[in-house]
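What follows is final34.txt (compact mmCIF, C-alpha atoms).
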```
# COMPACT_ATOMS: atom_id res chain seq x y z
CA MET A 1 15.71 -16.93 -1.57
CA SER A 2 18.13 -14.84 -3.60
CA PHE A 3 19.19 -15.68 -7.13
CA LYS A 4 22.25 -14.58 -9.04
CA SER A 5 21.31 -12.78 -12.24
CA TYR A 6 22.74 -13.64 -15.64
CA VAL A 7 22.55 -12.78 -19.26
CA ILE A 8 21.14 -16.10 -20.44
CA VAL A 9 21.73 -17.04 -24.07
CA SER A 10 20.18 -19.98 -25.86
CA ASN A 11 19.90 -21.47 -29.29
CA HIS A 12 16.46 -21.06 -30.86
CA GLN A 13 14.70 -23.83 -32.79
CA SER A 14 10.98 -23.41 -32.16
CA GLN A 15 8.29 -21.39 -30.49
CA LEU A 16 8.32 -24.15 -27.85
CA ASP A 17 11.72 -22.87 -26.67
CA ILE A 18 9.94 -20.17 -24.70
CA LEU A 19 7.83 -22.69 -22.78
CA MET A 20 10.79 -25.02 -22.26
CA ALA A 21 12.94 -22.26 -20.77
CA TYR A 22 10.46 -21.93 -17.91
CA ARG A 23 11.91 -25.22 -16.67
CA LEU A 24 14.87 -23.13 -15.44
CA PHE A 25 12.79 -22.22 -12.38
CA PHE A 26 14.36 -18.88 -11.59
CA PRO A 27 13.23 -15.35 -12.39
CA PHE A 28 14.05 -13.95 -15.83
CA ARG A 29 12.60 -11.72 -18.50
CA TRP A 30 12.42 -12.38 -22.23
CA ILE A 31 13.46 -10.15 -25.04
CA SER A 32 10.82 -10.61 -27.71
CA LYS A 33 9.89 -9.01 -30.99
CA ALA A 34 7.15 -6.41 -30.68
CA GLU A 35 4.67 -8.42 -32.77
CA VAL A 36 4.44 -11.11 -30.07
CA PHE A 37 3.16 -8.54 -27.58
CA LYS A 38 0.10 -8.04 -29.81
CA LEU A 39 -1.02 -11.68 -29.57
CA PRO A 40 -4.11 -12.28 -27.42
CA PHE A 41 -3.35 -13.88 -24.06
CA ILE A 42 0.36 -14.54 -24.78
CA GLY A 43 1.16 -10.89 -25.49
CA TRP A 44 -1.00 -9.66 -22.64
CA ASN A 45 0.78 -12.04 -20.29
CA MET A 46 4.15 -10.77 -21.51
CA VAL A 47 3.17 -7.16 -20.84
CA LEU A 48 1.82 -7.96 -17.37
CA ASN A 49 4.96 -9.91 -16.45
CA GLY A 50 7.37 -7.19 -17.57
CA HIS A 51 9.01 -8.91 -20.52
CA VAL A 52 11.01 -6.68 -22.84
CA LYS A 53 9.75 -5.57 -26.25
CA LEU A 54 12.02 -5.06 -29.25
CA LYS A 55 11.19 -3.63 -32.66
CA ARG A 56 13.69 -5.21 -35.02
CA GLY A 57 15.87 -2.73 -36.89
CA ASP A 58 14.59 0.25 -34.86
CA LYS A 59 17.61 1.91 -33.22
CA GLU A 60 15.50 3.71 -30.61
CA SER A 61 13.77 0.45 -29.66
CA ILE A 62 17.15 -1.29 -29.37
CA ARG A 63 18.42 1.47 -27.06
CA GLU A 64 15.25 1.27 -24.92
CA MET A 65 15.53 -2.53 -24.76
CA MET A 66 19.15 -2.36 -23.63
CA ASP A 67 18.30 0.27 -20.98
CA GLN A 68 15.40 -1.83 -19.69
CA CYS A 69 17.59 -4.95 -19.58
CA GLU A 70 20.30 -3.12 -17.64
CA GLN A 71 17.70 -2.01 -15.08
CA LEU A 72 16.36 -5.55 -14.70
CA LEU A 73 19.87 -6.94 -14.21
CA LYS A 74 20.49 -4.29 -11.52
CA GLN A 75 17.34 -5.61 -9.80
CA ASN A 76 18.91 -9.10 -9.91
CA ILE A 77 16.52 -10.34 -12.61
CA SER A 78 18.14 -12.36 -15.38
CA ILE A 79 17.57 -11.64 -19.06
CA ILE A 80 17.18 -14.40 -21.63
CA MET A 81 18.01 -13.78 -25.26
CA PHE A 82 18.11 -15.85 -28.42
CA PRO A 83 21.13 -14.21 -30.08
CA GLU A 84 20.46 -15.94 -33.41
CA GLY A 85 17.62 -13.43 -33.75
CA THR A 86 15.20 -15.98 -35.19
CA ARG A 87 14.44 -19.69 -35.05
CA SER A 88 16.74 -22.07 -36.90
CA LYS A 89 14.82 -24.13 -39.44
CA THR A 90 17.52 -26.84 -39.59
CA GLY A 91 18.69 -26.82 -35.97
CA ILE A 92 22.15 -25.59 -37.01
CA VAL A 93 22.99 -22.60 -34.82
CA LYS A 94 23.28 -19.37 -36.79
CA PRO A 95 25.85 -16.66 -36.04
CA PHE A 96 25.00 -14.70 -32.91
CA LYS A 97 24.03 -11.04 -32.92
CA PRO A 98 26.02 -8.89 -30.45
CA GLY A 99 23.28 -7.51 -28.16
CA ALA A 100 23.46 -10.13 -25.40
CA PHE A 101 27.23 -9.85 -25.20
CA ILE A 102 27.25 -6.05 -25.18
CA LEU A 103 24.74 -6.25 -22.32
CA ALA A 104 26.77 -8.82 -20.35
CA LYS A 105 29.98 -6.84 -20.72
CA LYS A 106 28.42 -3.46 -19.92
CA SER A 107 26.55 -4.87 -16.89
CA LYS A 108 29.54 -6.99 -15.78
CA LYS A 109 27.25 -10.03 -15.57
CA SER A 110 28.15 -13.66 -16.18
CA ILE A 111 26.73 -15.37 -19.24
CA LEU A 112 24.68 -18.50 -18.70
CA PRO A 113 24.55 -20.65 -21.86
CA VAL A 114 21.45 -22.81 -22.32
CA VAL A 115 20.96 -25.47 -24.97
CA ILE A 116 17.53 -26.56 -26.14
CA ASN A 117 17.31 -29.71 -28.28
CA ASN A 118 14.49 -31.27 -30.30
CA THR A 119 11.87 -28.52 -30.08
CA ARG A 120 12.12 -28.02 -33.86
CA ASN A 121 11.03 -31.65 -34.28
CA ALA A 122 8.06 -31.14 -31.95
CA LEU A 123 6.94 -27.79 -33.44
CA PRO A 124 8.77 -26.87 -36.66
CA LYS A 125 9.30 -23.28 -37.75
CA TYR A 126 6.22 -21.82 -39.49
CA SER A 127 3.99 -24.54 -38.04
CA LEU A 128 1.34 -24.48 -35.36
CA ARG A 129 0.92 -28.27 -35.31
CA LEU A 130 2.71 -30.34 -32.67
CA LYS A 131 4.33 -33.46 -34.12
CA GLY A 132 3.78 -36.42 -31.83
CA LYS A 133 6.02 -37.48 -29.00
CA CYS A 134 9.50 -35.89 -28.81
CA HIS A 135 12.20 -35.99 -26.17
CA ILE A 136 12.93 -32.30 -25.56
CA GLU A 137 16.07 -31.37 -23.66
CA VAL A 138 16.86 -28.13 -21.85
CA ARG A 139 20.47 -28.15 -20.68
CA VAL A 140 22.04 -25.41 -18.57
CA LEU A 141 25.76 -25.28 -19.26
CA ASP A 142 28.44 -23.91 -16.94
CA GLU A 143 28.26 -20.17 -16.47
CA ILE A 144 30.88 -18.05 -18.16
CA PRO A 145 32.08 -15.61 -15.48
CA PHE A 146 32.53 -11.97 -16.43
CA SER A 147 36.24 -12.31 -15.61
CA VAL A 148 36.63 -14.74 -18.55
CA PHE A 149 35.44 -12.24 -21.16
CA GLU A 150 35.92 -8.81 -19.61
CA HIS A 151 38.94 -8.05 -21.84
CA MET A 152 37.57 -9.72 -24.97
CA GLU A 153 36.03 -7.99 -27.98
CA ILE A 154 32.25 -8.41 -28.36
CA GLU A 155 32.65 -10.40 -31.60
CA ASP A 156 35.05 -12.82 -29.88
CA ILE A 157 32.67 -13.30 -26.94
CA SER A 158 29.84 -13.97 -29.38
CA LYS A 159 31.86 -16.57 -31.30
CA MET A 160 33.04 -18.24 -28.08
CA VAL A 161 29.52 -18.61 -26.70
CA GLN A 162 28.12 -19.76 -30.03
CA LYS A 163 30.81 -22.46 -30.21
CA ILE A 164 30.06 -23.61 -26.64
CA ILE A 165 26.31 -23.82 -27.28
CA SER A 166 26.71 -25.42 -30.73
CA SER A 167 28.88 -28.18 -29.28
CA HIS A 168 25.81 -29.40 -27.32
CA VAL A 169 23.18 -28.98 -30.05
CA LYS A 170 22.12 -32.32 -31.50
CA GLU A 171 22.39 -31.24 -35.15
CA HIS A 172 25.97 -30.01 -34.63
CA ILE A 173 26.97 -33.21 -32.84
CA VAL A 174 25.62 -35.30 -35.73
CA LEU A 175 27.43 -33.08 -38.25
CA GLU A 176 30.73 -33.48 -36.36
CA GLN A 177 30.28 -37.24 -36.18
CA GLU A 178 29.64 -37.37 -39.92
CA LYS A 179 32.79 -35.33 -40.56
CA TYR A 180 34.79 -37.63 -38.29
CA THR A 181 33.54 -40.83 -39.91
CA GLY A 182 33.77 -39.39 -43.44
CA LYS A 183 30.07 -39.95 -44.13
CA ILE A 184 29.41 -36.35 -45.10
CA THR A 185 28.93 -35.71 -48.80
CA ALA A 186 30.51 -32.81 -50.64
CA GLY A 187 28.31 -29.91 -51.65
```
structure tokens encoding of this file:
Amino acid sequence: MSFKSYVIVSNHQSQLDILMAYRLFFPFRWISKAEVFKLPFIGWNMVLNGHVKLKRGDKESIREMMDQCEQLLKQNISIIMFPEGTRSKTGIVKPFKPGAFILAKKSKKSILPVVINNTRNALPKYSLRLKGKCHIEVRVLDEIPFSVFEHMEIEDISKMVQKIISSHVKEHIVLEQEKYTGKITAG
């Protein structure tokens, strides 16, 4: 069976997002901060499975990560990135960093937006304690073909994808409903 490869981008609410993304059931590699690779069992597994390490703020590491991602995409292996750069404590999607969109444009690969809802309720940021029963949703949105963004600036691609993903994130939907009904308070 042959799979099409993508640059997959997702919102990021919790450490559970990583486990939930495995419900996609097709081959991909993570981009993860270097510290995670040092964790017993989890980090070892990431090394053995060829996930991609990134040292934040290290230009050489960023270049190596981009090179490794390009090679994986050429091998028809998708890359998944959380372009917010860190987990959202509130669920509101933060502005996206450009790396995923530079990679998609340079590799001429389609972008596959993924939305993950309710993981922050199940395992909040800075917590290791699961919080009871939660309905977690992983939603794969329509792919954004390379032809849609090939002539766009990276910043515009980033904003477009962030808007698409945000429109399906529970916290953004609630915020929009509050704005529409006038229930939002100033400040």
Taking into account only C-alpha atoms, which residue in the set A:Gln13, A:Ser107, A:Ser158, A:Thr181 is nearest to Gln71 in chain A?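 Answer, going by the shortest atom-to-atom distance: A:Ser107.
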Step by step: start from the point (5.2, -10.6, -33.9) in the file's coordinates, keep every protein, DNA or RNA residue that has an atom no farther than 12 Å from it, count only C-alpha atoms, and write the set as a PyMOL selection string. chain A and resi 15+32-40+42-43+53-56+86
Would you please work out which residue, of A:Met66, A:Met46, A:Val52, A:Ala21, is nearest to Ala100 in chain A when using all atoms listed in the file? A:Met66
Please identify all polymer residues within 12 Å of Met160 in chain A, counting all atoms listed in the file, omitting same-chain residues fewer than 5 positions from it, and present them as a PyMOL selection string. chain A and resi 95-96+98+101+111+113+144+148-149+152-155+165-167
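Nearest to Lys109 in chain A of all the residues A:Lys74, A:His51, A:Lys170, A:Lys163 is A:Lys74, counting only C-alpha atoms.
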Taking into account all atoms listed in the file, which residue in the set A:Val9, A:Met65, A:Ile116, A:Val140 is nearest to Lys97 in chain A?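 The shortest atom-to-atom distance to Lys97 in chain A comes from A:Val9.
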Taking 4 positions as the minimum chain separation for residues in the same chain, which residues sit within 8 Å of Val115 in chain A when counting all atoms listed in the file? Answer as a list in words.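 These residues fall inside the cut-off: Ser10, Asn11, Glu137, Val138, Arg139, Val140, Leu141, Ile165, His168 and Val169 of chain A.
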Only C-alpha atoms, please: the residues just picked out, written as a PDB file, in the frame of the given file.
```
ATOM      1  CA  SER A  10      20.180 -19.980 -25.860  1.00  0.00           C
ATOM      2  CA  ASN A  11      19.900 -21.470 -29.290  1.00  0.00           C
ATOM      3  CA  GLU A 137      16.070 -31.370 -23.660  1.00  0.00           C
ATOM      4  CA  VAL A 138      16.860 -28.130 -21.850  1.00  0.00           C
ATOM      5  CA  ARG A 139      20.470 -28.150 -20.680  1.00  0.00           C
ATOM      6  CA  VAL A 140      22.040 -25.410 -18.570  1.00  0.00           C
ATOM      7  CA  LEU A 141      25.760 -25.280 -19.260  1.00  0.00           C
ATOM      8  CA  ILE A 165      26.310 -23.820 -27.280  1.00  0.00           C
ATOM      9  CA  HIS A 168      25.810 -29.400 -27.320  1.00  0.00           C
ATOM     10  CA  VAL A 169      23.180 -28.980 -30.050  1.00  0.00           C
TER      11      VAL A 169
END
```
Work out how far CA of Arg63 in chain A is from CA of Lys105 in chain A, in Å to one decimal.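 Taking CA of Lys105 in chain A and CA of Arg63 in chain A, their separation equals 15.6 Å.
Taking all atoms listed in the file into account, Ile18 in chain A lies nearest to A:Arg87 out of the set A:Arg87, A:His135, A:Lys59, A:Lys4.
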Enter the distance from CA of Asp58 in chain A to CA of Ile164 in chain A, in Å, rounded to one decimal.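 Taking CA of Asp58 in chain A and CA of Ile164 in chain A, their separation equals 29.6 Å.
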Can you list, as number ranges by chain, every protein, DNA or RNA residue that comes within 12 Å of His151 in chain A when you count only C-alpha atoms, leaving out same-chain residues fewer than 6 positions away? A: 105-106, 108, 157
For the atom pair CA of Phe26 in chain A and CA of Phe3 in chain A, what is the interatomic distance in Å to one decimal place?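 Going from CA of Phe26 in chain A over to CA of Phe3 in chain A covers 7.3 Å.
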